[in-house]
Amino acid sequence: MDIILCDELLQEIFQRLPPPSSSAVSLVSKRWRHLLRSSLSSLTLRLSPNHLSLSSLTYFLSDHTYLSSLSLSATTSAGTTTVFSDRLLISISTACRNLTRLSLSTGPVSLFPLLSLSTSCPSLSSLSVILSRPILSLHFLTAFNCLKILTLTVIGNGSPETVSDHITSNSTTDLQLQSISLIGIRADDYALNWLWRNCSFETLTKLVFENCNGIGGNQPFSRFITQLTNLHELELKVCRSIVALVLLNLAENCSNSLSSLLIYDGGNRESLLHFIRETNCNLRKLDLRLPLDLDDSHLIEIGAKFDHLHVLRLQSCAMVTGEGLKTLGLGLSDSLEELALTNCDVIKRETGFLVELAQSLRNIKTLDLSYNHMLIDKEFASMISSYRELRKLNIRGCSRLTDVSLISLCKNCKHLKSVDLLYCNGIWVEGVEFVILNSPELRNVQVEDRKLSEAARRWMASKFIEVQS
């Protein structure tokens, strides 16, 4: 076969193989190894800085002639200096000239290798890199003419630089970015002001902040966010210091484009309530993990304001009550299709409220009740009878549920396609087998391997049901 099949046909076959098969294919012959590498368009590598020859890496990457997406990380933070990452980036620039996506998380990089990358990879549309403080300038972004997706992680404790902000403040560059993700930003990272002044208001659709206690200068950012016209997604993860600033300014934005909002681990009660009441947008997706910053007043306003909400995810929200959730359910009864109540204290405090909530939300297709350790069979069975359109269920970590709950699930949810049963200590082999054999549309099961009977394994193989453990 090695002789009969031509190179083009083998490459076509290799492109259709699942990733786990790659290592076996590369061992068949040198020809197959070369053709496999040249057929791959995406590659993810974890490097060991202390045992890496950059010349060998360059040679390895040069074999991947069709490589368009590359992600590199380090196995350890030791040795991942700016010098190492700079040399690595130059090697990439030399070997991978067709790249459109690059994620380099091995360590901070400096200006010259980035400019070299922009010249060598003119079609680069997605870039994720680490910068170290002080950030002298972000003007290098203008060299990437096709850049649409930008992720910047800033590390180090260098002193702030105000000069660069003054120098670039009159720039008229119009960056056509569609997505910006910023990680580790401080209030004194003034170079960010250049980004707020020069990013297009019309093209940006996604904005993400993670572990940020500042956004550079408040005034340039406020002017920027109030003028965005097509922002669809906003994520704030562990950003308590800036949540109020972002939400208050976003509430003044006249655009109604925002459809997805995520806030994790650090909110502001007053600013969130103000945003819900004053915003012009009609959210479709809301994801909140705010143990101490979300209460019933927010839920009531959400139910009254966002009547087109399709997805609601609440995690570890300790201050909400069953009454607040039931009021929310009444407001969203016609629109909500996905509900997550993960590690929700109210399930522990108020037995039975899930049943009343389910009676209002009969259109739910995806339900996540993971890590609710106090959920019991009786409440689950009464609740699940209302979710007859359910397609996906996650009860991972619900340790008090037993096989009885799975019988109720199969009886009521005939269209179930996916179920997560991991870490459910009360569910055993018989219950898992019952679900697999009695769910005609099931395609995915997440459960411990030891809970799969031989009959269940044979059935899954014959029906092409995927199992994850």
# chains A, B, ... in the order shown; residues from 1 in each chain; ligands from 1
$ select_by_dssp --residues "range 273-385 of chain A" --states "alpha helix (DSSP H)" --output "PyMOL selection string"
chain A and resi 273-278+296-305+322-331+345-349+353-360+377-384
$ residues_around --residues "Ser335 in chain A" --least-positions-apart "5" --cutoff "10 Å" --atoms "only C-alpha atoms" --output "number ranges by chain"
A: 284, 306-311, 329, 361-364
$ closest_atom_pairs --of "range 99-136 of chain A" --to "range 144-153 of chain A" --cutoff "9 Å" --atoms "only C-alpha atoms" --output "Markdown table"
| residue | atom | partner | partner_atom | distance |
| --- | --- | --- | --- | --- |
| A:Thr100 | CA | A:Cys146 | CA | 8.8 |
| A:Arg101 | CA | A:Ile149 | CA | 8.9 |
| A:Ser103 | CA | A:Thr151 | CA | 8.5 |
| A:Ser105 | CA | A:Thr153 | CA | 8.8 |
| A:Pro108 | CA | A:Thr153 | CA | 8.6 |
| A:Leu115 | CA | A:Phe144 | CA | 8.5 |
| A:Leu117 | CA | A:Phe144 | CA | 8.7 |
| A:Ser118 | CA | A:Phe144 | CA | 5.3 |
| A:Thr119 | CA | A:Phe144 | CA | 8.1 |
| A:Cys121 | CA | A:Phe144 | CA | 8.6 |
| A:Pro122 | CA | A:Phe144 | CA | 6.7 |
| A:Ser123 | CA | A:Cys146 | CA | 5.8 |
| A:Leu124 | CA | A:Cys146 | CA | 6.0 |
| A:Ser125 | CA | A:Leu147 | CA | 4.0 |
| A:Ser126 | CA | A:Ile149 | CA | 4.5 |
| A:Leu127 | CA | A:Leu150 | CA | 5.2 |
| A:Ser128 | CA | A:Thr151 | CA | 4.4 |
| A:Val129 | CA | A:Leu152 | CA | 5.5 |
| A:Ile130 | CA | A:Thr153 | CA | 4.6 |
| A:Leu131 | CA | A:Thr153 | CA | 6.1 |
| A:Ser132 | CA | A:Thr153 | CA | 8.4 |
$ write_last_selection --atoms "N, CA, C and O atoms" --output "PDB file, in the first residue's frame"
ATOM      1  N   THR A 100      -2.261  31.323  10.259  1.00  0.00           N
ATOM      2  CA  THR A 100      -3.354  32.281  10.446  1.00  0.00           C
ATOM      3  C   THR A 100      -3.716  32.411  11.929  1.00  0.00           C
ATOM      4  O   THR A 100      -4.346  33.391  12.314  1.00  0.00           O
ATOM      5  N   ARG A 101      -3.319  31.418  12.742  1.00  0.00           N
ATOM      6  CA  ARG A 101      -3.613  31.445  14.174  1.00  0.00           C
ATOM      7  C   ARG A 101      -2.376  31.013  14.958  1.00  0.00           C
ATOM      8  O   ARG A 101      -1.796  29.970  14.675  1.00  0.00           O
ATOM      9  N   SER A 103      -0.934  30.806  19.111  1.00  0.00           N
ATOM     10  CA  SER A 103      -1.041  30.995  20.555  1.00  0.00           C
ATOM     11  C   SER A 103       0.288  30.587  21.173  1.00  0.00           C
ATOM     12  O   SER A 103       0.675  29.420  21.112  1.00  0.00           O
ATOM     13  N   SER A 105       2.232  30.634  24.669  1.00  0.00           N
ATOM     14  CA  SER A 105       2.140  30.852  26.110  1.00  0.00           C
ATOM     15  C   SER A 105       3.343  30.274  26.843  1.00  0.00           C
ATOM     16  O   SER A 105       3.224  29.776  27.959  1.00  0.00           O
ATOM     17  N   PRO A 108       7.024  35.612  28.186  1.00  0.00           N
ATOM     18  CA  PRO A 108       6.886  36.939  27.558  1.00  0.00           C
ATOM     19  C   PRO A 108       7.757  37.093  26.324  1.00  0.00           C
ATOM     20  O   PRO A 108       8.852  36.523  26.242  1.00  0.00           O
ATOM     21  N   LEU A 115       7.473  41.926  15.434  1.00  0.00           N
ATOM     22  CA  LEU A 115       7.519  42.582  14.119  1.00  0.00           C
ATOM     23  C   LEU A 115       7.991  41.615  13.042  1.00  0.00           C
ATOM     24  O   LEU A 115       7.508  41.643  11.903  1.00  0.00           O
ATOM     25  N   LEU A 117       7.450  38.423  13.090  1.00  0.00           N
ATOM     26  CA  LEU A 117       6.301  37.545  12.847  1.00  0.00           C
ATOM     27  C   LEU A 117       5.308  38.205  11.900  1.00  0.00           C
ATOM     28  O   LEU A 117       4.761  37.556  11.004  1.00  0.00           O
ATOM     29  N   SER A 118       5.052  39.480  12.083  1.00  0.00           N
ATOM     30  CA  SER A 118       4.089  40.180  11.229  1.00  0.00           C
ATOM     31  C   SER A 118       4.530  40.200   9.776  1.00  0.00           C
ATOM     32  O   SER A 118       3.691  40.144   8.866  1.00  0.00           O
ATOM     33  N   THR A 119       5.846  40.252   9.555  1.00  0.00           N
ATOM     34  CA  THR A 119       6.376  40.247   8.189  1.00  0.00           C
ATOM     35  C   THR A 119       6.332  38.859   7.573  1.00  0.00           C
ATOM     36  O   THR A 119       5.961  38.686   6.406  1.00  0.00           O
ATOM     37  N   CYS A 121       4.434  36.223   8.531  1.00  0.00           N
ATOM     38  CA  CYS A 121       3.094  35.618   8.506  1.00  0.00           C
ATOM     39  C   CYS A 121       2.046  36.708   8.247  1.00  0.00           C
ATOM     40  O   CYS A 121       1.304  37.105   9.159  1.00  0.00           O
ATOM     41  N   PRO A 122       1.973  37.209   7.046  1.00  0.00           N
ATOM     42  CA  PRO A 122       1.085  38.346   6.754  1.00  0.00           C
ATOM     43  C   PRO A 122      -0.401  38.018   6.861  1.00  0.00           C
ATOM     44  O   PRO A 122      -1.218  38.927   6.938  1.00  0.00           O
ATOM     45  N   SER A 123      -0.756  36.721   6.885  1.00  0.00           N
ATOM     46  CA  SER A 123      -2.166  36.331   6.947  1.00  0.00           C
ATOM     47  C   SER A 123      -2.633  36.012   8.370  1.00  0.00           C
ATOM     48  O   SER A 123      -3.753  35.537   8.562  1.00  0.00           O
ATOM     49  N   LEU A 124      -1.784  36.289   9.353  1.00  0.00           N
ATOM     50  CA  LEU A 124      -2.125  35.967  10.733  1.00  0.00           C
ATOM     51  C   LEU A 124      -3.373  36.744  11.174  1.00  0.00           C
ATOM     52  O   LEU A 124      -3.385  37.969  11.161  1.00  0.00           O
ATOM     53  N   SER A 125      -4.406  36.010  11.579  1.00  0.00           N
ATOM     54  CA  SER A 125      -5.660  36.645  11.977  1.00  0.00           C
ATOM     55  C   SER A 125      -5.948  36.494  13.464  1.00  0.00           C
ATOM     56  O   SER A 125      -6.805  37.200  14.002  1.00  0.00           O
ATOM     57  N   SER A 126      -5.249  35.565  14.140  1.00  0.00           N
ATOM     58  CA  SER A 126      -5.469  35.345  15.571  1.00  0.00           C
ATOM     59  C   SER A 126      -4.115  35.231  16.278  1.00  0.00           C
ATOM     60  O   SER A 126      -3.282  34.412  15.890  1.00  0.00           O
ATOM     61  N   LEU A 127      -3.920  36.049  17.313  1.00  0.00           N
ATOM     62  CA  LEU A 127      -2.636  36.089  18.015  1.00  0.00           C
ATOM     63  C   LEU A 127      -2.861  36.116  19.518  1.00  0.00           C
ATOM     64  O   LEU A 127      -3.636  36.934  20.026  1.00  0.00           O
ATOM     65  N   SER A 128      -2.165  35.215  20.228  1.00  0.00           N
ATOM     66  CA  SER A 128      -2.200  35.182  21.686  1.00  0.00           C
ATOM     67  C   SER A 128      -0.774  35.130  22.201  1.00  0.00           C
ATOM     68  O   SER A 128      -0.055  34.153  21.953  1.00  0.00           O
ATOM     69  N   VAL A 129      -0.342  36.188  22.921  1.00  0.00           N
ATOM     70  CA  VAL A 129       1.035  36.266  23.420  1.00  0.00           C
ATOM     71  C   VAL A 129       1.044  36.839  24.833  1.00  0.00           C
ATOM     72  O   VAL A 129       0.057  37.390  25.305  1.00  0.00           O
ATOM     73  N   ILE A 130       2.215  36.703  25.476  1.00  0.00           N
ATOM     74  CA  ILE A 130       2.441  37.242  26.814  1.00  0.00           C
ATOM     75  C   ILE A 130       3.415  38.406  26.708  1.00  0.00           C
ATOM     76  O   ILE A 130       4.440  38.312  26.019  1.00  0.00           O
ATOM     77  N   LEU A 131       3.100  39.501  27.363  1.00  0.00           N
ATOM     78  CA  LEU A 131       3.974  40.663  27.426  1.00  0.00           C
ATOM     79  C   LEU A 131       4.381  40.894  28.883  1.00  0.00           C
ATOM     80  O   LEU A 131       3.641  40.557  29.804  1.00  0.00           O
ATOM     81  N   SER A 132       5.564  41.481  29.068  1.00  0.00           N
ATOM     82  CA  SER A 132       6.014  41.796  30.425  1.00  0.00           C
ATOM     83  C   SER A 132       6.009  43.305  30.640  1.00  0.00           C
ATOM     84  O   SER A 132       6.168  44.085  29.707  1.00  0.00           O
TER      85      SER A 132
END
$ atom_distance --atom1 "CA of Arg46 in chain A" --atom2 "CA of Thr106 in chain A"
8.8 Å
$ atom_distance --atom1 "CA of Leu421 in chain A" --atom2 "CA of Asn394 in chain A"
6.9 Å
$ residues_around --residues "Glu448 in chain A" --least-positions-apart "4" --cutoff "8 Å" --atoms "only C-alpha atoms" --output "JSON, numbers by chain"
{"A": [422, 423, 452, 468, 469]}
$ residues_around --residues "range 79-88 of chain A" --least-positions-apart "2" --cutoff "12 Å" --atoms "only C-alpha atoms" --output "count of residues only"
48
$ residues_around --residues "Glu389 in chain A" --least-positions-apart "2" --cutoff "12 Å" --atoms "only C-alpha atoms" --output "list in words"
Glu337, Glu338, Ala358, Leu361, Arg362, Asn363, Ile364, Lys365, Thr366, Leu367, Ile384, Ser385, Ser386, Tyr387, Arg391, Lys392, Leu393, Leu409, Asn412, Cys413, Lys414, His415, Leu416 and Lys417 of chain A
$ residues_around --residues "Arg396 in chain A" --least-positions-apart "5" --cutoff "12 Å" --atoms "only C-alpha atoms" --output "PyMOL selection string"
chain A and resi 341-343+367-373+375+401+419-427+445-448+469
$ residues_around --residues "range 294-296 of chain A" --least-positions-apart "4" --cutoff "9 Å" --atoms "only C-alpha atoms" --output "list in words"
Gly267, Asn268, Arg269, Leu272, Leu288, Arg289, Leu290, Ile300, Glu301, Cys317, Ala318, Met319, Val320, Thr321, Gly322, Glu323, Gly324, Leu325, Thr327 and Leu328 of chain A
$ atom_distance --atom1 "CA of Tyr66 in chain A" --atom2 "CA of Gln176 in chain A"
26.0 Å
$ closest_residue --among "A:Thr203, A:Asn282, A:Ser418, A:Ser69" --to "Arg97 in chain A" --atoms "only C-alpha atoms"
A:Ser69
$ decode --residues "range 242-374 of chain A" --atoms "C-alpha atoms" --output "PDB file, in the first residue's frame"
ATOM      1  CA  ILE A 242     -13.370  47.007  37.257  1.00  0.00           C
ATOM      2  CA  VAL A 243     -16.817  45.383  37.134  1.00  0.00           C
ATOM      3  CA  ALA A 244     -18.651  48.530  38.219  1.00  0.00           C
ATOM      4  CA  LEU A 245     -16.779  50.718  35.722  1.00  0.00           C
ATOM      5  CA  VAL A 246     -17.465  48.341  32.835  1.00  0.00           C
ATOM      6  CA  LEU A 247     -21.147  47.732  33.596  1.00  0.00           C
ATOM      7  CA  LEU A 248     -21.998  51.369  34.322  1.00  0.00           C
ATOM      8  CA  ASN A 249     -20.424  52.502  31.060  1.00  0.00           C
ATOM      9  CA  LEU A 250     -21.980  49.664  29.124  1.00  0.00           C
ATOM     10  CA  ALA A 251     -25.408  50.655  30.435  1.00  0.00           C
ATOM     11  CA  GLU A 252     -24.905  54.047  28.737  1.00  0.00           C
ATOM     12  CA  ASN A 253     -24.199  52.382  25.400  1.00  0.00           C
ATOM     13  CA  CYS A 254     -27.150  53.046  23.118  1.00  0.00           C
ATOM     14  CA  SER A 255     -26.541  49.879  21.089  1.00  0.00           C
ATOM     15  CA  ASN A 256     -28.729  46.832  21.735  1.00  0.00           C
ATOM     16  CA  SER A 257     -26.239  44.367  20.246  1.00  0.00           C
ATOM     17  CA  LEU A 258     -24.999  42.668  23.464  1.00  0.00           C
ATOM     18  CA  SER A 259     -26.405  39.123  23.618  1.00  0.00           C
ATOM     19  CA  SER A 260     -24.072  37.328  26.060  1.00  0.00           C
ATOM     20  CA  LEU A 261     -22.782  38.392  29.496  1.00  0.00           C
ATOM     21  CA  LEU A 262     -20.519  36.358  31.799  1.00  0.00           C
ATOM     22  CA  ILE A 263     -19.337  37.511  35.240  1.00  0.00           C
ATOM     23  CA  TYR A 264     -17.300  35.188  37.476  1.00  0.00           C
ATOM     24  CA  ASP A 265     -15.941  35.622  40.995  1.00  0.00           C
ATOM     25  CA  GLY A 266     -16.180  39.296  41.681  1.00  0.00           C
ATOM     26  CA  GLY A 267     -19.144  41.498  40.988  1.00  0.00           C
ATOM     27  CA  ASN A 268     -20.854  44.599  42.247  1.00  0.00           C
ATOM     28  CA  ARG A 269     -24.494  44.367  43.336  1.00  0.00           C
ATOM     29  CA  GLU A 270     -25.448  47.960  42.612  1.00  0.00           C
ATOM     30  CA  SER A 271     -23.772  48.219  39.206  1.00  0.00           C
ATOM     31  CA  LEU A 272     -25.183  44.867  38.060  1.00  0.00           C
ATOM     32  CA  LEU A 273     -28.684  45.918  39.086  1.00  0.00           C
ATOM     33  CA  HIS A 274     -28.223  49.288  37.366  1.00  0.00           C
ATOM     34  CA  PHE A 275     -27.043  47.578  34.174  1.00  0.00           C
ATOM     35  CA  ILE A 276     -30.012  45.186  34.100  1.00  0.00           C
ATOM     36  CA  ARG A 277     -32.481  48.055  34.546  1.00  0.00           C
ATOM     37  CA  GLU A 278     -30.901  50.605  32.212  1.00  0.00           C
ATOM     38  CA  THR A 279     -29.383  48.632  29.338  1.00  0.00           C
ATOM     39  CA  ASN A 280     -31.003  48.656  25.902  1.00  0.00           C
ATOM     40  CA  CYS A 281     -29.782  45.162  25.051  1.00  0.00           C
ATOM     41  CA  ASN A 282     -31.914  42.028  25.262  1.00  0.00           C
ATOM     42  CA  LEU A 283     -29.580  39.300  26.451  1.00  0.00           C
ATOM     43  CA  ARG A 284     -29.829  35.766  25.058  1.00  0.00           C
ATOM     44  CA  LYS A 285     -27.207  34.235  27.377  1.00  0.00           C
ATOM     45  CA  LEU A 286     -26.360  35.089  30.999  1.00  0.00           C
ATOM     46  CA  ASP A 287     -23.685  33.242  32.996  1.00  0.00           C
ATOM     47  CA  LEU A 288     -23.073  34.340  36.603  1.00  0.00           C
ATOM     48  CA  ARG A 289     -20.831  32.906  39.328  1.00  0.00           C
ATOM     49  CA  LEU A 290     -21.303  35.442  42.098  1.00  0.00           C
ATOM     50  CA  PRO A 291     -21.546  33.774  45.525  1.00  0.00           C
ATOM     51  CA  LEU A 292     -22.112  37.019  47.462  1.00  0.00           C
ATOM     52  CA  ASP A 293     -23.080  39.544  44.789  1.00  0.00           C
ATOM     53  CA  LEU A 294     -26.293  38.118  43.322  1.00  0.00           C
ATOM     54  CA  ASP A 295     -29.635  38.145  45.149  1.00  0.00           C
ATOM     55  CA  ASP A 296     -33.358  37.947  44.436  1.00  0.00           C
ATOM     56  CA  SER A 297     -33.591  41.579  43.332  1.00  0.00           C
ATOM     57  CA  HIS A 298     -31.330  40.759  40.377  1.00  0.00           C
ATOM     58  CA  LEU A 299     -33.326  37.638  39.471  1.00  0.00           C
ATOM     59  CA  ILE A 300     -36.620  39.538  39.497  1.00  0.00           C
ATOM     60  CA  GLU A 301     -35.211  42.250  37.227  1.00  0.00           C
ATOM     61  CA  ILE A 302     -33.677  39.656  34.878  1.00  0.00           C
ATOM     62  CA  GLY A 303     -37.030  37.883  34.527  1.00  0.00           C
ATOM     63  CA  ALA A 304     -38.802  41.157  33.810  1.00  0.00           C
ATOM     64  CA  LYS A 305     -36.226  42.651  31.419  1.00  0.00           C
ATOM     65  CA  PHE A 306     -34.691  39.851  29.345  1.00  0.00           C
ATOM     66  CA  ASP A 307     -37.745  38.120  27.899  1.00  0.00           C
ATOM     67  CA  HIS A 308     -35.698  36.541  25.089  1.00  0.00           C
ATOM     68  CA  LEU A 309     -33.121  34.893  27.363  1.00  0.00           C
ATOM     69  CA  HIS A 310     -32.294  31.392  26.059  1.00  0.00           C
ATOM     70  CA  VAL A 311     -29.438  30.407  28.388  1.00  0.00           C
ATOM     71  CA  LEU A 312     -29.156  31.074  32.133  1.00  0.00           C
ATOM     72  CA  ARG A 313     -26.264  29.681  34.182  1.00  0.00           C
ATOM     73  CA  LEU A 314     -25.974  30.348  37.907  1.00  0.00           C
ATOM     74  CA  GLN A 315     -23.081  28.933  39.915  1.00  0.00           C
ATOM     75  CA  SER A 316     -22.493  29.025  43.685  1.00  0.00           C
ATOM     76  CA  CYS A 317     -25.004  31.840  44.159  1.00  0.00           C
ATOM     77  CA  ALA A 318     -25.518  31.693  47.931  1.00  0.00           C
ATOM     78  CA  MET A 319     -27.770  34.738  48.359  1.00  0.00           C
ATOM     79  CA  VAL A 320     -30.662  33.772  46.067  1.00  0.00           C
ATOM     80  CA  THR A 321     -33.811  32.030  47.318  1.00  0.00           C
ATOM     81  CA  GLY A 322     -36.347  29.642  45.871  1.00  0.00           C
ATOM     82  CA  GLU A 323     -38.924  32.432  45.610  1.00  0.00           C
ATOM     83  CA  GLY A 324     -36.509  34.536  43.579  1.00  0.00           C
ATOM     84  CA  LEU A 325     -35.807  31.659  41.179  1.00  0.00           C
ATOM     85  CA  LYS A 326     -39.512  30.831  40.824  1.00  0.00           C
ATOM     86  CA  THR A 327     -40.292  34.467  39.988  1.00  0.00           C
ATOM     87  CA  LEU A 328     -37.471  34.373  37.441  1.00  0.00           C
ATOM     88  CA  GLY A 329     -38.901  31.173  35.966  1.00  0.00           C
ATOM     89  CA  LEU A 330     -42.299  32.763  35.450  1.00  0.00           C
ATOM     90  CA  GLY A 331     -40.708  35.644  33.558  1.00  0.00           C
ATOM     91  CA  LEU A 332     -38.676  33.342  31.303  1.00  0.00           C
ATOM     92  CA  SER A 333     -41.220  30.563  30.829  1.00  0.00           C
ATOM     93  CA  ASP A 334     -41.539  31.045  27.071  1.00  0.00           C
ATOM     94  CA  SER A 335     -37.908  31.630  26.114  1.00  0.00           C
ATOM     95  CA  LEU A 336     -35.480  29.721  28.383  1.00  0.00           C
ATOM     96  CA  GLU A 337     -34.011  26.561  26.828  1.00  0.00           C
ATOM     97  CA  GLU A 338     -30.871  26.016  28.939  1.00  0.00           C
ATOM     98  CA  LEU A 339     -30.663  26.248  32.735  1.00  0.00           C
ATOM     99  CA  ALA A 340     -27.700  25.617  35.033  1.00  0.00           C
ATOM    100  CA  LEU A 341     -27.950  25.700  38.810  1.00  0.00           C
ATOM    101  CA  THR A 342     -24.506  24.460  39.794  1.00  0.00           C
ATOM    102  CA  ASN A 343     -23.568  23.977  43.457  1.00  0.00           C
ATOM    103  CA  CYS A 344     -26.668  25.970  44.377  1.00  0.00           C
ATOM    104  CA  ASP A 345     -27.225  26.435  48.124  1.00  0.00           C
ATOM    105  CA  VAL A 346     -30.945  27.051  47.692  1.00  0.00           C
ATOM    106  CA  ILE A 347     -31.433  23.405  46.684  1.00  0.00           C
ATOM    107  CA  LYS A 348     -30.023  22.461  50.069  1.00  0.00           C
ATOM    108  CA  ARG A 349     -32.041  25.053  51.990  1.00  0.00           C
ATOM    109  CA  GLU A 350     -35.440  24.805  50.266  1.00  0.00           C
ATOM    110  CA  THR A 351     -36.441  21.280  49.389  1.00  0.00           C
ATOM    111  CA  GLY A 352     -39.061  21.082  46.639  1.00  0.00           C
ATOM    112  CA  PHE A 353     -38.639  24.419  44.881  1.00  0.00           C
ATOM    113  CA  LEU A 354     -37.106  22.708  41.824  1.00  0.00           C
ATOM    114  CA  VAL A 355     -40.457  21.042  41.139  1.00  0.00           C
ATOM    115  CA  GLU A 356     -42.321  24.373  41.004  1.00  0.00           C
ATOM    116  CA  LEU A 357     -39.555  25.933  38.908  1.00  0.00           C
ATOM    117  CA  ALA A 358     -39.746  23.085  36.394  1.00  0.00           C
ATOM    118  CA  GLN A 359     -43.486  23.597  35.943  1.00  0.00           C
ATOM    119  CA  SER A 360     -42.748  27.106  34.627  1.00  0.00           C
ATOM    120  CA  LEU A 361     -39.843  26.079  32.393  1.00  0.00           C
ATOM    121  CA  ARG A 362     -41.185  23.276  30.250  1.00  0.00           C
ATOM    122  CA  ASN A 363     -39.121  24.288  27.185  1.00  0.00           C
ATOM    123  CA  ILE A 364     -35.798  23.407  28.823  1.00  0.00           C
ATOM    124  CA  LYS A 365     -33.577  21.294  26.565  1.00  0.00           C
ATOM    125  CA  THR A 366     -30.308  21.498  28.534  1.00  0.00           C
ATOM    126  CA  LEU A 367     -30.242  21.143  32.322  1.00  0.00           C
ATOM    127  CA  ASP A 368     -27.179  21.311  34.578  1.00  0.00           C
ATOM    128  CA  LEU A 369     -27.640  20.484  38.262  1.00  0.00           C
ATOM    129  CA  SER A 370     -24.068  19.349  38.907  1.00  0.00           C
ATOM    130  CA  TYR A 371     -22.548  19.254  42.382  1.00  0.00           C
ATOM    131  CA  ASN A 372     -25.827  19.666  44.235  1.00  0.00           C
ATOM    132  CA  HIS A 373     -25.025  17.106  46.904  1.00  0.00           C
ATOM    133  CA  MET A 374     -28.393  17.425  48.698  1.00  0.00           C
TER     134      MET A 374
END
